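Novice: I'd like to ask you about the structure that follows.
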Amino acid sequence: MSNIRELLNSSIEQLVKEIKAVNHAWKSASELFGEDSPLSTSARDLKTCLQVRLLQSYAPTRVYLALDKEANASEPLYGLLLREPIGDWRDADHLPVRLAKEVLAEKELQQFIEE
């Protein structure tokens with residue numbers, strides 16, 4: 001039972017580590033099997049779930065959303081920026097604006113975004 005509690009109450013360090021690992025797996029699966037493969041879409045969706053957990057657990061005091069104006073992407077992206085680095089990481093990767101609007105309540109978005 002304590003393992004379940006630990007899983008549900010992950011530290012910010014653990015969540016960022018998981019997000020980074022799943023993001024790497026998603027990119028690798030997309031290259032190997034295509035963006036629409038079941039493995040790629042599962043990894044992408046898991047990354048989004050972990051990012052939502054990170055935001056709901058630690059925003060806005062330890063992590064926040066900011067529009068990444070320098071990202072070279074086909075759609076607008078939020079960066080999940082850490083207020084204090086975790087190891088060498090200063091962010092928890094990107095979340096498309098479109099997807100953030102789908103998975104987060106408007107009130108949450110307003111709390112999480114910093115201009």
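Every chain in the structure tokens has a letter given in the order shown (A, B, ...), and although residue numbers restart at 1 in each chain, ligands are simply numbered from 1 in the order shown.
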I need the strand (DSSP E or B) residues of chain A per DSSP on the backbone, written as a PyMOL selection string.

Specialist: chain A and resi 63-67+77-86+89-96+113

Novice: Quick one: write out the picked residues with C-alpha atoms as an mmCIF file, in the first residue's frame?

Specialist:
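Once written, part.cif looks like this:
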```
data_model
loop_
_atom_site.group_PDB
_atom_site.id
_atom_site.type_symbol
_atom_site.label_atom_id
_atom_site.label_comp_id
_atom_site.auth_asym_id
_atom_site.auth_seq_id
_atom_site.Cartn_x
_atom_site.Cartn_y
_atom_site.Cartn_z
ATOM 1 C CA VAL A 63 6.815 24.980 -11.861
ATOM 2 C CA TYR A 64 4.828 27.166 -14.247
ATOM 3 C CA LEU A 65 3.734 27.377 -17.871
ATOM 4 C CA ALA A 66 5.205 29.955 -20.249
ATOM 5 C CA LEU A 67 4.634 30.305 -23.972
ATOM 6 C CA LEU A 77 3.951 25.322 -27.192
ATOM 7 C CA TYR A 78 4.082 25.968 -23.480
ATOM 8 C CA GLY A 79 7.292 25.221 -21.670
ATOM 9 C CA LEU A 80 6.917 23.741 -18.196
ATOM 10 C CA LEU A 81 9.581 25.826 -16.499
ATOM 11 C CA LEU A 82 11.104 24.949 -13.148
ATOM 12 C CA ARG A 83 11.698 27.759 -10.675
ATOM 13 C CA GLU A 84 14.768 25.924 -9.357
ATOM 14 C CA PRO A 85 16.808 23.558 -11.557
ATOM 15 C CA ILE A 86 16.619 19.857 -10.896
ATOM 16 C CA TRP A 89 17.127 20.417 -16.055
ATOM 17 C CA ARG A 90 15.434 23.800 -16.039
ATOM 18 C CA ASP A 91 12.181 22.574 -17.582
ATOM 19 C CA ALA A 92 9.895 19.581 -17.908
ATOM 20 C CA ASP A 93 9.664 19.729 -21.691
ATOM 21 C CA HIS A 94 6.878 21.210 -23.835
ATOM 22 C CA LEU A 95 3.109 20.903 -23.823
ATOM 23 C CA PRO A 96 1.185 22.070 -26.907
ATOM 24 C CA ILE A 113 0.626 30.517 -16.815
#
```

Novice: What is the atom CA of A:Thr61-atom CA of A:Leu109 distance in Å, reported with one decimal?

Specialist: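 Here the two named atoms are 14.2 Å from each other.
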
Novice: Considering only helix (DSSP H, G or I) as DSSP defines it on the backbone, what residues of stretch 16-69 of chain A qualify? List them as an mmCIF file with N, CA and C atoms, in the first residue's frame.

Specialist:
```
data_model
loop_
_atom_site.group_PDB
_atom_site.id
_atom_site.type_symbol
_atom_site.label_atom_id
_atom_site.label_comp_id
_atom_site.auth_asym_id
_atom_site.auth_seq_id
_atom_site.Cartn_x
_atom_site.Cartn_y
_atom_site.Cartn_z
ATOM 1 N N VAL A 16 9.756 14.989 -12.808
ATOM 2 C CA VAL A 16 10.561 15.556 -13.906
ATOM 3 C C VAL A 16 11.409 14.460 -14.549
ATOM 4 N N LYS A 17 11.992 13.607 -13.740
ATOM 5 C CA LYS A 17 12.793 12.496 -14.262
ATOM 6 C C LYS A 17 11.943 11.586 -15.154
ATOM 7 N N GLU A 18 10.729 11.285 -14.725
ATOM 8 C CA GLU A 18 9.828 10.445 -15.522
ATOM 9 C C GLU A 18 9.419 11.136 -16.815
ATOM 10 N N ILE A 19 9.106 12.432 -16.740
ATOM 11 C CA ILE A 19 8.731 13.182 -17.938
ATOM 12 C C ILE A 19 9.866 13.168 -18.952
ATOM 13 N N LYS A 20 11.079 13.402 -18.489
ATOM 14 C CA LYS A 20 12.236 13.405 -19.388
ATOM 15 C C LYS A 20 12.432 12.029 -20.039
ATOM 16 N N ALA A 21 12.299 10.971 -19.250
ATOM 17 C CA ALA A 21 12.486 9.611 -19.783
ATOM 18 C C ALA A 21 11.400 9.262 -20.797
ATOM 19 N N VAL A 22 10.157 9.572 -20.473
ATOM 20 C CA VAL A 22 9.043 9.251 -21.379
ATOM 21 C C VAL A 22 9.125 10.099 -22.644
ATOM 22 N N ASN A 23 9.535 11.360 -22.524
ATOM 23 C CA ASN A 23 9.688 12.212 -23.705
ATOM 24 C C ASN A 23 10.741 11.625 -24.650
ATOM 25 N N HIS A 24 11.842 11.155 -24.079
ATOM 26 C CA HIS A 24 12.887 10.526 -24.894
ATOM 27 C C HIS A 24 12.341 9.260 -25.578
ATOM 28 N N ALA A 25 11.592 8.457 -24.826
ATOM 29 C CA ALA A 25 11.004 7.237 -25.394
ATOM 30 C C ALA A 25 10.012 7.575 -26.505
ATOM 31 N N TRP A 26 9.225 8.607 -26.311
ATOM 32 C CA TRP A 26 8.250 9.026 -27.322
ATOM 33 C C TRP A 26 8.957 9.435 -28.610
ATOM 34 N N LYS A 27 9.998 10.245 -28.487
ATOM 35 C CA LYS A 27 10.732 10.680 -29.679
ATOM 36 C C LYS A 27 11.384 9.507 -30.392
ATOM 37 N N SER A 28 11.952 8.588 -29.632
ATOM 38 C CA SER A 28 12.576 7.402 -30.234
ATOM 39 C C SER A 28 11.539 6.532 -30.930
ATOM 40 N N ALA A 29 10.410 6.302 -30.273
ATOM 41 C CA ALA A 29 9.348 5.477 -30.869
ATOM 42 C C ALA A 29 8.805 6.127 -32.132
ATOM 43 N N SER A 30 8.683 7.449 -32.112
ATOM 44 C CA SER A 30 8.189 8.158 -33.296
ATOM 45 C C SER A 30 9.140 8.003 -34.477
ATOM 46 N N GLU A 31 10.435 8.068 -34.201
ATOM 47 C CA GLU A 31 11.425 7.893 -35.262
ATOM 48 C C GLU A 31 11.441 6.459 -35.791
ATOM 49 N N LEU A 32 11.343 5.498 -34.884
ATOM 50 C CA LEU A 32 11.431 4.093 -35.279
ATOM 51 C C LEU A 32 10.155 3.566 -35.924
ATOM 52 N N PHE A 33 8.996 3.944 -35.376
ATOM 53 C CA PHE A 33 7.733 3.318 -35.776
ATOM 54 C C PHE A 33 6.719 4.285 -36.371
ATOM 55 N N PRO A 38 1.035 2.903 -32.151
ATOM 56 C CA PRO A 38 0.488 2.777 -30.795
ATOM 57 C C PRO A 38 1.522 3.092 -29.705
ATOM 58 N N LEU A 39 2.750 2.669 -29.892
ATOM 59 C CA LEU A 39 3.783 2.950 -28.893
ATOM 60 C C LEU A 39 4.054 4.455 -28.797
ATOM 61 N N SER A 40 4.124 5.120 -29.931
ATOM 62 C CA SER A 40 4.371 6.565 -29.940
ATOM 63 C C SER A 40 3.236 7.331 -29.278
ATOM 64 N N THR A 41 2.008 7.006 -29.636
ATOM 65 C CA THR A 41 0.880 7.743 -29.067
ATOM 66 C C THR A 41 0.726 7.446 -27.575
ATOM 67 N N SER A 42 1.014 6.225 -27.162
ATOM 68 C CA SER A 42 0.952 5.900 -25.726
ATOM 69 C C SER A 42 1.997 6.680 -24.939
ATOM 70 N N ALA A 43 3.203 6.759 -25.462
ATOM 71 C CA ALA A 43 4.266 7.502 -24.779
ATOM 72 C C ALA A 43 3.924 8.987 -24.728
ATOM 73 N N ARG A 44 3.403 9.519 -25.821
ATOM 74 C CA ARG A 44 3.014 10.933 -25.849
ATOM 75 C C ARG A 44 1.926 11.218 -24.814
ATOM 76 N N ASP A 45 0.934 10.353 -24.754
ATOM 77 C CA ASP A 45 -0.167 10.543 -23.810
ATOM 78 C C ASP A 45 0.305 10.394 -22.363
ATOM 79 N N LEU A 46 1.220 9.468 -22.108
ATOM 80 C CA LEU A 46 1.768 9.302 -20.764
ATOM 81 C C LEU A 46 2.546 10.547 -20.356
ATOM 82 N N LYS A 47 3.311 11.098 -21.278
ATOM 83 C CA LYS A 47 4.054 12.331 -20.984
ATOM 84 C C LYS A 47 3.095 13.448 -20.592
ATOM 85 N N THR A 48 2.009 13.589 -21.330
ATOM 86 C CA THR A 48 1.018 14.620 -21.019
ATOM 87 C C THR A 48 0.420 14.399 -19.634
ATOM 88 N N CYS A 49 0.086 13.160 -19.305
ATOM 89 C CA CYS A 49 -0.471 12.849 -17.981
ATOM 90 C C CYS A 49 0.518 13.215 -16.870
ATOM 91 N N LEU A 50 1.778 12.888 -17.067
ATOM 92 C CA LEU A 50 2.796 13.219 -16.069
ATOM 93 C C LEU A 50 2.965 14.729 -15.939
ATOM 94 N N GLN A 51 2.899 15.436 -17.048
ATOM 95 C CA GLN A 51 3.020 16.890 -17.004
ATOM 96 C C GLN A 51 1.836 17.523 -16.260
ATOM 97 N N VAL A 52 0.649 16.997 -16.485
ATOM 98 C CA VAL A 52 -0.530 17.497 -15.769
ATOM 99 C C VAL A 52 -0.378 17.240 -14.273
ATOM 100 N N ARG A 53 0.084 16.039 -13.897
ATOM 101 C CA ARG A 53 0.333 15.750 -12.473
ATOM 102 C C ARG A 53 1.345 16.714 -11.883
ATOM 103 N N LEU A 54 2.396 16.993 -12.629
ATOM 104 C CA LEU A 54 3.422 17.924 -12.158
ATOM 105 C C LEU A 54 2.814 19.306 -11.911
ATOM 106 N N LEU A 55 2.048 19.795 -12.867
ATOM 107 C CA LEU A 55 1.433 21.107 -12.723
ATOM 108 C C LEU A 55 0.441 21.144 -11.570
ATOM 109 N N GLN A 56 -0.422 20.148 -11.501
ATOM 110 C CA GLN A 56 -1.441 20.140 -10.456
ATOM 111 C C GLN A 56 -0.840 19.964 -9.062
ATOM 112 N N SER A 57 0.308 19.341 -8.986
ATOM 113 C CA SER A 57 0.944 19.117 -7.687
ATOM 114 C C SER A 57 1.872 20.248 -7.269
ATOM 115 N N TYR A 58 2.528 20.906 -8.229
ATOM 116 C CA TYR A 58 3.618 21.821 -7.866
ATOM 117 C C TYR A 58 3.520 23.232 -8.451
#
```

Novice: Applying 9 Å and only C-alpha atoms, which residues near A:Gln111 remain after dropping the ones on its own chain fewer than 5 positions away? List them as a list in words.

Specialist: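 Neighbouring residues, sequence-local ones excluded: Ala59, Pro60, Tyr64 and Glu106 of chain A.
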
Novice: Just to confirm, what's the straight-line distance from atom CA of A:Arg98 to atom CA of A:Ser74 in Å (one decimal)?

Specialist: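 Between atom CA of A:Arg98 and atom CA of A:Ser74 the gap works out to 11.7 Å.
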
Novice: Find the distance between atom CA of A:Glu114 and atom CA of A:Arg62 and write it in Å to one decimal.

Specialist: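 These two atoms are separated by 12.3 Å.
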